[in-house]
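This is model-v9.csv (CSV, C-alpha atoms).
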```csv
chain,number,residue,atom,x,y,z
A,1,MET,CA,-64.1,-44.2,38.7
A,2,ALA,CA,-65.5,-47.6,38.4
A,3,MET,CA,-67.3,-49.1,41.4
A,4,TYR,CA,-66.8,-52.8,42.4
A,5,ASP,CA,-69.5,-55.3,43.2
A,6,ALA,CA,-68.3,-58.1,45.5
A,7,ALA,CA,-71.3,-60.2,44.6
A,8,GLN,CA,-70.0,-60.3,41.0
A,9,ASN,CA,-66.4,-61.4,41.8
A,10,ASN,CA,-65.1,-57.8,41.9
A,11,LYS,CA,-66.4,-57.2,38.4
A,12,PRO,CA,-66.4,-53.4,37.8
A,13,LYS,CA,-69.8,-51.9,38.3
A,14,ASP,CA,-70.6,-48.9,36.1
A,15,ARG,CA,-71.5,-45.6,37.7
A,16,ILE,CA,-74.9,-44.0,37.1
A,17,ILE,CA,-74.3,-40.3,36.1
A,18,LEU,CA,-76.9,-37.8,35.1
A,19,HIS,CA,-76.2,-34.6,33.2
A,20,CYS,CA,-79.0,-32.2,33.7
A,21,ASP,CA,-79.2,-29.3,31.4
A,22,CYS,CA,-81.8,-26.5,31.7
A,23,ASN,CA,-83.4,-25.7,28.3
A,24,ASN,CA,-83.0,-22.1,27.1
A,25,PHE,CA,-82.2,-21.2,30.7
A,26,PHE,CA,-82.1,-17.4,30.8
A,27,ALA,CA,-85.0,-17.1,28.5
A,28,SER,CA,-87.0,-19.7,30.5
A,29,VAL,CA,-86.4,-17.8,33.7
A,30,GLU,CA,-87.7,-14.6,32.1
A,31,GLU,CA,-90.8,-16.6,30.9
A,32,THR,CA,-91.6,-17.7,34.5
A,33,LEU,CA,-91.8,-14.0,35.4
A,34,ARG,CA,-93.7,-12.9,32.3
A,35,PRO,CA,-95.7,-15.9,31.0
A,36,GLU,CA,-96.9,-13.9,28.0
A,37,LEU,CA,-93.3,-14.1,26.6
A,38,ARG,CA,-93.9,-17.8,25.9
A,39,GLU,CA,-96.3,-16.7,23.2
A,40,VAL,CA,-93.9,-14.6,21.2
A,41,PRO,CA,-90.3,-15.0,19.8
A,42,MET,CA,-88.2,-13.6,22.6
A,43,ALA,CA,-84.5,-13.2,23.4
A,44,VAL,CA,-82.5,-12.0,26.3
A,45,ALA,CA,-80.1,-9.4,25.1
A,46,GLY,CA,-77.2,-7.4,26.6
A,47,ASP,CA,-78.9,-4.1,25.6
A,48,PRO,CA,-82.4,-4.5,24.3
A,49,GLU,CA,-82.6,-0.8,23.2
A,50,SER,CA,-79.6,-1.0,20.9
A,51,ARG,CA,-79.3,-2.6,17.5
A,52,HIS,CA,-75.7,-3.4,18.5
A,53,GLY,CA,-76.8,-5.4,21.6
A,54,ILE,CA,-75.8,-9.0,21.7
A,55,ILE,CA,-78.3,-12.0,21.9
A,56,VAL,CA,-77.5,-13.9,25.1
A,57,ALA,CA,-80.3,-16.5,25.0
A,58,LYS,CA,-83.5,-17.1,23.1
A,59,ASN,CA,-86.7,-19.1,23.5
A,60,GLN,CA,-88.0,-21.9,21.2
A,61,LYS,CA,-90.1,-19.6,19.1
A,62,ALA,CA,-87.1,-17.3,18.4
A,63,LYS,CA,-85.0,-20.4,17.7
A,64,ALA,CA,-87.5,-21.5,15.0
A,65,PHE,CA,-86.7,-18.2,13.1
A,66,GLY,CA,-83.0,-19.0,13.2
A,67,VAL,CA,-82.1,-16.5,15.9
A,68,GLN,CA,-78.6,-17.4,17.3
A,69,THR,CA,-76.9,-16.7,20.6
A,70,ALA,CA,-74.0,-14.2,20.3
A,71,GLU,CA,-75.4,-12.4,17.2
A,72,THR,CA,-76.4,-8.8,17.4
A,73,ILE,CA,-80.0,-7.7,17.8
A,74,PHE,CA,-79.8,-6.1,14.4
A,75,GLN,CA,-78.9,-9.5,12.8
A,76,ALA,CA,-81.6,-11.3,14.8
A,77,LYS,CA,-84.3,-8.9,13.8
A,78,LYS,CA,-83.5,-9.3,10.2
A,79,LYS,CA,-84.5,-12.9,10.6
A,80,CYS,CA,-87.4,-12.2,13.0
A,81,PRO,CA,-88.7,-8.6,12.9
A,82,ASP,CA,-91.2,-9.2,15.7
A,83,LEU,CA,-88.5,-10.5,18.1
A,84,VAL,CA,-89.1,-9.2,21.7
A,85,CYS,CA,-85.8,-8.5,23.5
A,86,VAL,CA,-85.6,-8.3,27.3
A,87,PRO,CA,-82.7,-7.4,29.5
A,88,SER,CA,-80.7,-10.0,31.5
A,89,HIS,CA,-81.1,-10.4,35.2
A,90,HIS,CA,-78.0,-12.4,36.4
A,91,SER,CA,-78.9,-12.3,40.1
A,92,LEU,CA,-82.2,-13.9,39.3
A,93,TYR,CA,-80.5,-16.6,37.2
A,94,HIS,CA,-78.3,-17.4,40.1
A,95,GLU,CA,-81.3,-17.7,42.4
A,96,PHE,CA,-82.8,-20.3,40.1
A,97,TYR,CA,-79.4,-22.0,39.9
A,98,GLU,CA,-79.5,-22.4,43.6
A,99,LYS,CA,-83.1,-23.7,43.7
A,100,ILE,CA,-82.5,-26.2,40.9
A,101,ASN,CA,-79.4,-27.6,42.5
A,102,ALA,CA,-81.2,-27.8,45.9
A,103,ILE,CA,-83.6,-30.2,44.3
A,104,TYR,CA,-80.7,-32.3,42.9
A,105,LEU,CA,-79.2,-32.4,46.4
A,106,GLU,CA,-82.2,-34.3,47.7
A,107,TYR,CA,-81.0,-37.3,45.7
A,108,THR,CA,-77.2,-37.2,46.1
A,109,ASP,CA,-74.5,-35.0,47.5
A,110,LEU,CA,-72.4,-35.6,44.4
A,111,VAL,CA,-73.7,-32.6,42.5
A,112,GLU,CA,-71.1,-30.8,40.4
A,113,PRO,CA,-72.2,-27.7,38.4
A,114,PHE,CA,-70.7,-27.6,35.0
A,115,SER,CA,-72.1,-24.1,34.3
A,116,ILE,CA,-75.0,-22.0,35.7
A,117,ASP,CA,-77.5,-24.1,33.8
A,118,GLU,CA,-75.9,-27.6,33.8
A,119,SER,CA,-75.0,-30.0,36.6
A,120,TYR,CA,-73.6,-33.6,36.8
A,121,LEU,CA,-75.2,-35.9,39.4
A,122,ASP,CA,-73.6,-39.2,40.5
A,123,VAL,CA,-76.5,-41.4,41.9
A,124,THR,CA,-74.6,-44.7,41.9
A,125,ASN,CA,-74.8,-45.2,45.6
A,126,SER,CA,-78.1,-43.5,46.3
A,127,ILE,CA,-80.5,-44.5,43.5
A,128,HIS,CA,-81.6,-47.7,45.4
A,129,LEU,CA,-83.1,-45.4,48.1
A,130,PHE,CA,-85.7,-44.2,45.6
A,131,LYS,CA,-86.6,-47.5,44.0
A,132,MET,CA,-86.4,-46.1,40.5
A,133,THR,CA,-84.5,-47.0,37.4
A,134,PRO,CA,-82.0,-44.4,36.2
A,135,LYS,CA,-84.4,-43.3,33.4
A,136,ASP,CA,-87.3,-43.1,35.9
A,137,LEU,CA,-85.2,-40.9,38.2
A,138,ALA,CA,-84.3,-38.6,35.3
A,139,ASP,CA,-87.9,-38.3,34.3
A,140,HIS,CA,-88.9,-37.7,37.9
A,141,LEU,CA,-86.4,-34.8,38.1
A,142,ARG,CA,-87.7,-33.3,34.9
A,143,LYS,CA,-91.2,-33.4,36.2
A,144,ARG,CA,-90.3,-32.0,39.6
A,145,ILE,CA,-88.4,-29.0,38.2
A,146,LYS,CA,-91.1,-28.2,35.8
A,147,GLU,CA,-93.8,-28.4,38.4
A,148,GLU,CA,-91.9,-26.5,41.1
A,149,LEU,CA,-89.9,-23.9,39.1
A,150,ASP,CA,-91.6,-23.9,35.7
A,151,ILE,CA,-88.3,-24.7,34.0
A,152,THR,CA,-87.7,-27.6,31.7
A,153,ILE,CA,-84.5,-29.7,31.7
A,154,SER,CA,-83.0,-32.3,29.4
A,155,VAL,CA,-81.2,-35.2,31.1
A,156,GLY,CA,-78.5,-37.5,29.8
A,157,VAL,CA,-78.0,-40.8,31.7
A,158,SER,CA,-74.8,-42.7,31.3
A,159,PHE,CA,-71.8,-44.4,33.0
A,160,CYS,CA,-69.4,-41.5,32.4
A,161,LYS,CA,-69.6,-37.7,32.2
A,162,VAL,CA,-68.8,-37.5,28.5
A,163,PHE,CA,-71.8,-39.7,27.3
A,164,ALA,CA,-74.1,-38.2,30.0
A,165,LYS,CA,-73.4,-34.7,28.6
A,166,LEU,CA,-73.9,-36.1,25.0
A,167,GLY,CA,-77.2,-37.6,26.2
A,168,SER,CA,-78.6,-34.3,27.5
A,169,ASP,CA,-77.8,-32.7,24.1
A,170,TYR,CA,-79.1,-35.6,22.1
A,171,LYS,CA,-82.8,-34.7,22.3
A,172,LYS,CA,-84.2,-31.3,23.4
A,173,PRO,CA,-86.2,-29.8,25.0
A,174,ASN,CA,-87.5,-31.6,28.0
A,175,ALA,CA,-86.2,-35.1,27.3
A,176,THR,CA,-84.3,-38.0,28.8
A,177,THR,CA,-81.7,-40.0,26.8
A,178,VAL,CA,-80.0,-43.1,28.3
A,179,ILE,CA,-76.6,-44.1,26.9
A,180,MET,CA,-75.3,-47.1,28.7
A,181,ARG,CA,-72.5,-49.2,27.2
A,182,GLU,CA,-74.8,-51.3,25.1
A,183,ASP,CA,-76.4,-48.1,23.7
A,184,VAL,CA,-73.1,-46.5,22.5
A,185,PRO,CA,-72.9,-48.1,19.0
A,186,ARG,CA,-76.6,-47.4,18.3
A,187,ILE,CA,-76.7,-43.8,19.6
A,188,VAL,CA,-73.2,-42.4,19.6
A,189,TYR,CA,-71.4,-43.9,16.6
A,190,PRO,CA,-73.7,-42.3,13.9
A,191,LEU,CA,-73.3,-38.8,15.4
A,192,PRO,CA,-70.8,-36.3,14.0
A,193,VAL,CA,-67.5,-36.0,16.0
A,194,SER,CA,-68.5,-32.5,16.9
A,195,SER,CA,-71.1,-34.0,19.3
A,196,LEU,CA,-68.3,-34.9,21.7
A,197,ILE,CA,-67.5,-32.4,24.4
A,198,PHE,CA,-64.6,-30.0,23.7
A,199,VAL,CA,-64.4,-31.0,20.0
A,200,GLY,CA,-64.3,-27.6,18.4
A,201,LYS,CA,-64.4,-26.4,14.8
A,202,LYS,CA,-60.6,-26.6,14.3
A,203,SER,CA,-60.4,-30.2,15.5
A,204,VAL,CA,-63.4,-31.1,13.3
A,205,GLU,CA,-61.6,-29.6,10.3
A,206,VAL,CA,-58.4,-31.6,11.0
A,207,LEU,CA,-60.3,-34.8,11.5
A,208,ASP,CA,-62.3,-34.3,8.4
A,209,SER,CA,-59.1,-34.1,6.4
A,210,TYR,CA,-58.5,-37.7,7.5
A,211,HIS,CA,-62.1,-38.7,6.6
A,212,ILE,CA,-63.0,-38.9,10.3
A,213,ARG,CA,-66.5,-37.4,10.3
A,214,THR,CA,-68.6,-39.5,12.7
A,215,CYS,CA,-67.9,-41.0,16.1
A,216,GLY,CA,-68.1,-44.4,14.4
A,217,ASP,CA,-65.2,-43.3,12.2
A,218,LEU,CA,-63.3,-42.1,15.3
A,219,VAL,CA,-63.5,-45.3,17.2
A,220,GLN,CA,-61.6,-47.1,14.4
A,221,TYR,CA,-58.4,-45.2,15.2
A,222,ASP,CA,-55.9,-46.2,17.8
A,223,GLN,CA,-54.6,-43.7,20.4
A,224,GLN,CA,-51.2,-43.3,18.8
A,225,THR,CA,-52.7,-42.2,15.5
A,226,LEU,CA,-55.1,-39.8,17.1
A,227,HIS,CA,-52.2,-38.3,19.2
A,228,ARG,CA,-50.2,-37.8,16.0
A,229,ILE,CA,-53.2,-36.1,14.4
A,230,LEU,CA,-54.3,-33.9,17.3
A,231,GLY,CA,-51.7,-34.1,20.0
A,232,LYS,CA,-53.1,-34.2,23.6
A,233,SER,CA,-56.6,-33.6,22.3
A,234,GLY,CA,-56.3,-36.8,20.3
A,235,ASP,CA,-55.5,-38.7,23.6
A,236,SER,CA,-58.6,-37.2,25.1
A,237,LEU,CA,-60.8,-38.1,22.2
A,238,TYR,CA,-59.6,-41.7,22.3
A,239,THR,CA,-60.5,-41.8,26.0
A,240,TYR,CA,-63.9,-40.3,25.3
A,241,ILE,CA,-65.0,-42.4,22.4
A,242,HIS,CA,-64.0,-45.7,24.1
A,243,GLY,CA,-65.9,-44.8,27.3
A,244,LEU,CA,-62.7,-44.7,29.4
A,245,GLU,CA,-63.3,-41.2,30.8
A,246,ASP,CA,-63.7,-41.7,34.6
A,247,SER,CA,-63.4,-38.3,36.3
A,248,PRO,CA,-65.4,-38.2,39.5
A,249,VAL,CA,-68.4,-36.0,40.1
A,250,ARG,CA,-67.4,-33.8,43.0
A,251,SER,CA,-69.5,-33.2,46.0
A,252,TRP,CA,-71.5,-30.0,46.1
A,253,TYR,CA,-70.1,-29.4,49.6
A,254,GLU,CA,-66.5,-29.6,48.4
A,255,LYS,CA,-65.0,-26.2,48.8
A,256,ARG,CA,-64.3,-24.7,45.4
A,257,VAL,CA,-62.0,-21.7,45.3
A,258,PRO,CA,-62.1,-20.1,41.8
A,259,LYS,CA,-58.8,-19.0,40.4
A,260,SER,CA,-60.5,-16.9,37.8
A,261,ILE,CA,-63.9,-15.9,36.5
A,262,GLY,CA,-64.4,-15.2,32.8
A,263,ASN,CA,-66.7,-15.4,29.9
A,264,SER,CA,-66.3,-15.7,26.1
A,265,MET,CA,-68.6,-15.3,23.2
A,266,THR,CA,-68.4,-16.4,19.6
A,267,PHE,CA,-70.5,-14.0,17.5
A,268,GLY,CA,-73.0,-14.9,14.8
A,269,HIS,CA,-71.3,-12.4,12.6
A,270,ASN,CA,-67.9,-10.7,12.8
A,271,LEU,CA,-67.9,-7.5,14.9
A,272,VAL,CA,-66.3,-4.5,13.3
A,273,GLY,CA,-65.9,-1.0,14.7
A,274,GLU,CA,-66.0,0.7,18.1
A,275,ALA,CA,-69.8,0.4,18.7
A,276,GLU,CA,-70.1,-3.3,17.9
A,277,LEU,CA,-66.9,-4.2,19.8
A,278,LYS,CA,-68.0,-2.2,22.9
A,279,ALA,CA,-71.4,-3.9,22.8
A,280,GLY,CA,-69.7,-7.3,22.9
A,281,ILE,CA,-67.3,-6.2,25.7
A,282,SER,CA,-70.2,-4.7,27.7
A,283,ALA,CA,-72.3,-7.9,27.6
A,284,LEU,CA,-69.3,-10.0,28.7
A,285,CYS,CA,-68.3,-7.6,31.5
A,286,ASP,CA,-71.8,-7.5,32.8
A,287,SER,CA,-71.7,-11.2,33.2
A,288,VAL,CA,-68.2,-11.4,34.7
A,289,ALA,CA,-68.9,-8.5,37.2
A,290,GLY,CA,-72.1,-10.2,38.3
A,291,ARG,CA,-70.4,-13.5,38.9
A,292,LEU,CA,-67.5,-11.8,40.8
A,293,ARG,CA,-69.9,-10.1,43.1
A,294,HIS,CA,-71.9,-13.3,43.5
A,295,ALA,CA,-68.7,-15.1,44.6
A,296,GLY,CA,-67.7,-12.3,46.9
A,297,LYS,CA,-64.4,-11.8,44.9
A,298,LYS,CA,-62.6,-8.9,43.2
A,299,CYS,CA,-60.0,-9.4,40.5
A,300,ARG,CA,-56.6,-7.8,40.4
A,301,THR,CA,-55.9,-8.8,36.8
A,302,VAL,CA,-58.1,-8.3,33.8
A,303,GLN,CA,-57.4,-10.3,30.6
A,304,ILE,CA,-59.1,-10.0,27.2
A,305,GLY,CA,-59.0,-12.5,24.3
A,306,ILE,CA,-59.6,-11.5,20.7
A,307,ARG,CA,-60.0,-14.0,17.8
A,308,ASN,CA,-60.2,-13.1,14.2
A,309,PRO,CA,-62.1,-14.9,11.4
A,310,ASP,CA,-58.9,-16.9,10.6
A,311,PHE,CA,-58.9,-18.3,14.2
A,312,VAL,CA,-55.8,-16.4,15.2
A,313,THR,CA,-56.2,-15.5,18.8
A,314,ILE,CA,-54.3,-12.9,20.9
A,315,GLN,CA,-54.6,-12.3,24.7
A,316,ARG,CA,-53.6,-9.2,26.6
A,317,GLN,CA,-53.9,-8.4,30.2
A,318,THR,CA,-53.1,-5.8,32.8
A,319,THR,CA,-52.7,-5.8,36.6
A,320,LEU,CA,-54.7,-3.3,38.6
A,321,ASP,CA,-53.6,-1.2,41.6
A,322,VAL,CA,-57.0,-1.7,43.1
A,323,PRO,CA,-59.0,-5.0,42.6
A,324,THR,CA,-62.5,-4.6,41.3
A,325,PHE,CA,-65.8,-6.4,40.7
A,326,LEU,CA,-67.5,-3.5,38.9
A,327,LYS,CA,-68.8,-3.7,35.4
A,328,ALA,CA,-67.9,0.0,34.8
A,329,ASP,CA,-64.3,-0.7,35.6
A,330,LEU,CA,-64.1,-4.0,33.6
A,331,VAL,CA,-65.6,-2.3,30.5
A,332,ARG,CA,-63.2,0.7,30.8
A,333,ILE,CA,-60.1,-1.5,31.3
A,334,SER,CA,-61.1,-4.1,28.6
A,335,MET,CA,-61.8,-1.4,26.0
A,336,GLN,CA,-58.5,0.2,26.8
A,337,LEU,CA,-56.7,-3.1,26.2
A,338,LEU,CA,-58.7,-3.6,23.0
A,339,ARG,CA,-57.8,-0.2,21.7
A,340,ASP,CA,-54.2,-0.5,22.5
A,341,ASN,CA,-53.8,-4.0,20.9
A,342,TRP,CA,-56.3,-4.2,18.1
A,343,ASP,CA,-57.2,-2.2,14.9
A,344,MET,CA,-60.9,-1.5,15.7
A,345,GLU,CA,-61.8,-1.7,12.0
A,346,LYS,CA,-60.6,-5.3,11.7
A,347,PRO,CA,-63.2,-8.1,12.1
A,348,VAL,CA,-63.5,-10.0,15.4
A,349,ARG,CA,-65.1,-13.4,15.6
A,350,LEU,CA,-64.7,-14.0,19.4
A,351,LEU,CA,-64.1,-11.9,22.5
A,352,SER,CA,-63.4,-13.0,26.1
A,353,VAL,CA,-63.0,-11.1,29.4
A,354,THR,CA,-61.5,-12.8,32.4
A,355,GLY,CA,-60.8,-11.6,35.9
A,356,SER,CA,-58.0,-13.4,37.8
A,357,GLU,CA,-55.8,-13.0,40.9
A,358,LEU,CA,-59.0,-13.0,42.9
A,359,VAL,CA,-59.2,-11.7,46.4
A,360,ASP,CA,-62.0,-11.6,48.9
A,361,GLU,CA,-64.0,-8.4,48.5
A,362,ASP,CA,-63.6,-7.5,52.2
A,363,GLU,CA,-59.8,-7.6,51.8
A,364,VAL,CA,-59.9,-4.6,49.6
A,365,VAL,CA,-59.9,-1.5,51.9
A,366,VAL,CA,-57.9,1.0,49.9
A,367,GLU,CA,-59.4,2.7,46.9
A,368,GLN,CA,-57.6,5.1,44.5
A,369,LEU,CA,-58.0,6.6,41.1
A,370,SER,CA,-57.7,4.0,38.4
A,371,LEU,CA,-54.6,4.2,36.1
A,372,PHE,CA,-57.0,3.6,33.2
A,373,GLU,CA,-58.3,7.1,33.0
A,374,VAL,CA,-60.0,8.0,29.8
A,375,ASP,CA,-60.8,11.3,28.2
A,376,ASP,CA,-64.5,11.6,28.9
A,377,SER,CA,-65.4,13.4,32.1
A,378,GLU,CA,-68.2,10.9,33.0
A,379,SER,CA,-65.7,7.9,33.1
A,380,LYS,CA,-63.3,10.0,35.2
A,381,GLU,CA,-66.0,10.7,37.7
A,382,LYS,CA,-66.8,7.0,38.0
A,383,ALA,CA,-63.1,6.3,38.5
A,384,LYS,CA,-62.8,9.0,41.2
A,385,ASP,CA,-65.8,7.6,43.2
A,386,PRO,CA,-65.5,3.8,43.2
A,387,ASP,CA,-67.4,3.6,46.5
A,388,LYS,CA,-70.4,5.2,44.8
A,389,GLN,CA,-70.2,2.9,41.8
A,390,GLU,CA,-69.9,-0.1,44.0
A,391,LYS,CA,-73.0,0.8,45.9
A,392,ILE,CA,-74.9,1.4,42.6
A,393,GLU,CA,-74.0,-2.0,41.1
A,394,SER,CA,-74.5,-3.9,44.4
A,395,THR,CA,-77.9,-2.2,44.7
A,396,ILE,CA,-78.7,-3.3,41.1
A,397,ASP,CA,-77.9,-6.9,42.1
A,398,GLU,CA,-80.2,-6.7,45.1
A,399,LEU,CA,-83.1,-5.2,43.1
A,400,ARG,CA,-82.7,-7.8,40.3
A,401,GLU,CA,-82.7,-10.6,42.9
A,402,LYS,CA,-85.7,-9.2,44.8
A,403,PHE,CA,-87.9,-7.9,42.1
A,404,GLY,CA,-86.8,-9.9,39.0
A,405,LYS,CA,-87.7,-8.8,35.5
A,406,GLY,CA,-87.4,-5.2,34.4
A,407,SER,CA,-86.7,-3.8,37.9
A,408,ILE,CA,-83.5,-2.1,36.8
A,409,THR,CA,-80.9,-2.5,34.0
A,410,LEU,CA,-77.4,-1.0,33.5
A,411,GLY,CA,-77.1,1.8,31.1
A,412,PHE,CA,-75.5,0.2,28.0
A,413,ASN,CA,-76.3,3.1,25.9
A,414,ARG,CA,-74.3,5.4,28.1
A,415,LEU,CA,-71.3,3.1,27.8
A,416,GLU,CA,-71.7,3.1,24.0
A,417,ARG,CA,-71.7,6.9,23.5
```
Let's see the structure in the file written out as structure tokens.
Amino acid sequence: MAMYDAAQNNKPKDRIILHCDCNNFFASVEETLRPELREVPMAVAGDPESRHGIIVAKNQKAKAFGVQTAETIFQAKKKCPDLVCVPSHHSLYHEFYEKINAIYLEYTDLVEPFSIDESYLDVTNSIHLFKMTPKDLADHLRKRIKEELDITISVGVSFCKVFAKLGSDYKKPNATTVIMREDVPRIVYPLPVSSLIFVGKKSVEVLDSYHIRTCGDLVQYDQQTLHRILGKSGDSLYTYIHGLEDSPVRSWYEKRVPKSIGNSMTFGHNLVGEAELKAGISALCDSVAGRLRHAGKKCRTVQIGIRNPDFVTIQRQTTLDVPTFLKADLVRISMQLLRDNWDMEKPVRLLSVTGSELVDEDEVVVEQLSLFEVDDSESKEKAKDPDKQEKIESTIDELREKFGKGSITLGFNRLER
């Protein structure tokens, strides 16, 4: 929303919004614990001991070899044979998330996380307190976070969220990019339309068929034409490219009640077969389960999404008798949904796992055998003793948070047998 300056005859005063994005966040956190990892190509992986494990994050040295997020370890090591893979520690990443945002809160209460490693800051009404220009403040934040947490961030500075986000992506790592109104033609217009947030591959292909390839091409089209081409997405693009997006940055202290917690992953190559699909599901469920426990929530509904190479997507879900926040449950249920609704020998480009119908964890007092029993005795034992499994996974969270790297990891190999 535009602010108004009475001294300038009620002329709208642009906001000052920062988008702060941690560089290679998961990998960077691992490097703070083991500095020697900075000297080698390294990746955080869902299961470092399995060739089917999925790359979750990579450092700059691994990126230089072409290692990509969401590809399998097998694919990554074909590009970089000396790649060092380490397990993920989600509780530790949340700890750094809290510390980083605590620094942001020293400059404004309008701090809105966009993800675990990205936050918007609106400093319009507080920047005068620090006697710094917007760029100086962004540089100051980068320096503080590096000195105090040994993490680098890239910062975009703009008058709206869309261009602030674009700015943080514009130059990495550890950089500040300012995109005020006068900078838009010079910086934004030459960029491909895919640089704008929420412009995916399918939209890019449609726009390309109309010879709309850059943001400069896009700005030439009126809203009616873009709506005809892309529907509601076209309306959003018109708003974005003309700098009309004015959604507020919410206060950190505003109560946020999540309606669902999920994660999706587009893979570097198509997954085929039980082993590869289970590796992908396991990595997603580990993340979702950790986030559910961190939020103190259990889910009553589990939904999976499956997308094939032709971008055809199906979603299937089931409702549980007993809500859960356990990875073991999420993997078992998600895999059952996958087996019931997908030919395991057909290629999969994207998978998603989402827990919804969330309830507070302390509201769930009755436990019973899951309806999703499977044939192997090990999984049956887990289903029969949810209290034991809950204690195991909660203890793992505590150990990861307290001791950090390598303290304990979940047994992906056991899940993949």
- request: Measuring atom to atom with all atoms listed in the file, identify which of A:Asp82, A:Asp246, A:Asp14, A:Glu147 is nearest to Met42 (chain A).
  value: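 Result for the nearest residue to Met42 (chain A): A:Asp82.
Proximity of A:Glu71, A:Asp139, A:Asp222, A:Glu254 to Thr152 (chain A), computed with only C-alpha atoms, is greatest for A:Asp139.
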Sorted by chain and rising residue number, which residues of region 130-183 of chain A lie within 12 Å of region 104-110 of chain A, and what are their closest atom pairs and distances in Å to one decimal, counting only C-alpha atoms, as a Markdown table?
```
| residue | atom | partner | partner_atom | distance |
| --- | --- | --- | --- | --- |
| A:Phe130 | CA | A:Tyr107 | CA | 8.3 |
| A:Lys131 | CA | A:Tyr107 | CA | 11.8 |
| A:Met132 | CA | A:Tyr107 | CA | 11.6 |
| A:Pro134 | CA | A:Tyr107 | CA | 11.9 |
| A:Leu137 | CA | A:Tyr107 | CA | 9.3 |
| A:Ala138 | CA | A:Tyr104 | CA | 10.5 |
| A:His140 | CA | A:Tyr104 | CA | 11.0 |
| A:Leu141 | CA | A:Tyr104 | CA | 7.9 |
| A:Arg142 | CA | A:Tyr104 | CA | 10.7 |
| A:Arg144 | CA | A:Tyr104 | CA | 10.2 |
| A:Ile145 | CA | A:Tyr104 | CA | 9.6 |
```
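With only the atoms specified (all atoms listed in the file) counting, those residues at most 8 Å away from (-76.3, -36.0, 35.1) are Ile17, Leu18, His19, Cys20, Ser119, Tyr120, Leu121, Asp122, Val155, Gly156, Val157, Ser158, Lys161, Ala164 and Lys165 of chain A.
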message: Counting only C-alpha atoms, which residue out of A:Ala57, A:Leu230, A:Ala64, A:Ile151 sits closest to Leu33 (chain A)?
response: A:Ile151
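The nearest approach to Gly296 (chain A) among the residues A:Val359, A:Asp21, A:Val188, A:Glu276, with only C-alpha atoms taken into account, belongs to A:Val359.
In this structure, CA of Asp343 (chain A) sits 25.5 Å away from CA of Ser356 (chain A).
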- prompt: Looking at all atoms listed in the file, which of A:Phe311, A:Arg181, A:Pro173, A:Gly216 is the one that sits closest to Lys201 (chain A)?
  reply: A:Phe311
message: Ranking A:Cys22, A:Gln60, A:Pro81, A:Ala175 by minimum distance to Asn101 (chain A) and counting all atoms listed in the file, which one comes first?
response: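 Of A:Cys22, A:Gln60, A:Pro81, A:Ala175, the one nearest Asn101 (chain A), counting all atoms listed in the file, is A:Cys22.
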query: Expressed in Å to a single decimal, how great is the separation between CA of Gln315 (chain A) and CA of Thr69 (chain A)?
result: 23.1 Å
Counting all atoms listed in the file, which residues of region 226-256 of chain A fall within 12 Å of region 206-214 of chain A, and what is the closest atom pair for each with its distance in Å at one decimal, ordered by chain and rising number, as a Markdown table?
```
| residue | atom | partner | partner_atom | distance |
| --- | --- | --- | --- | --- |
| A:Leu226 | CA | A:Leu207 | CA | 9.1 |
| A:His227 | CA | A:Leu207 | CA | 11.7 |
| A:Arg228 | CA | A:Val206 | CA | 11.4 |
| A:Ile229 | CA | A:Val206 | CA | 7.7 |
| A:Leu230 | CA | A:Val206 | CA | 7.9 |
| A:Gly231 | CA | A:Val206 | CA | 11.5 |
| A:Ser233 | CA | A:Leu207 | CA | 11.5 |
| A:Gly234 | CA | A:Leu207 | CA | 9.9 |
| A:Leu237 | CA | A:Leu207 | CA | 11.2 |
| A:Ile241 | CA | A:Thr214 | CA | 10.7 |
```
query: In Å to one decimal, how far is CA of Tyr170 (chain A) from CA of Val40 (chain A)?
result: 25.7 Å
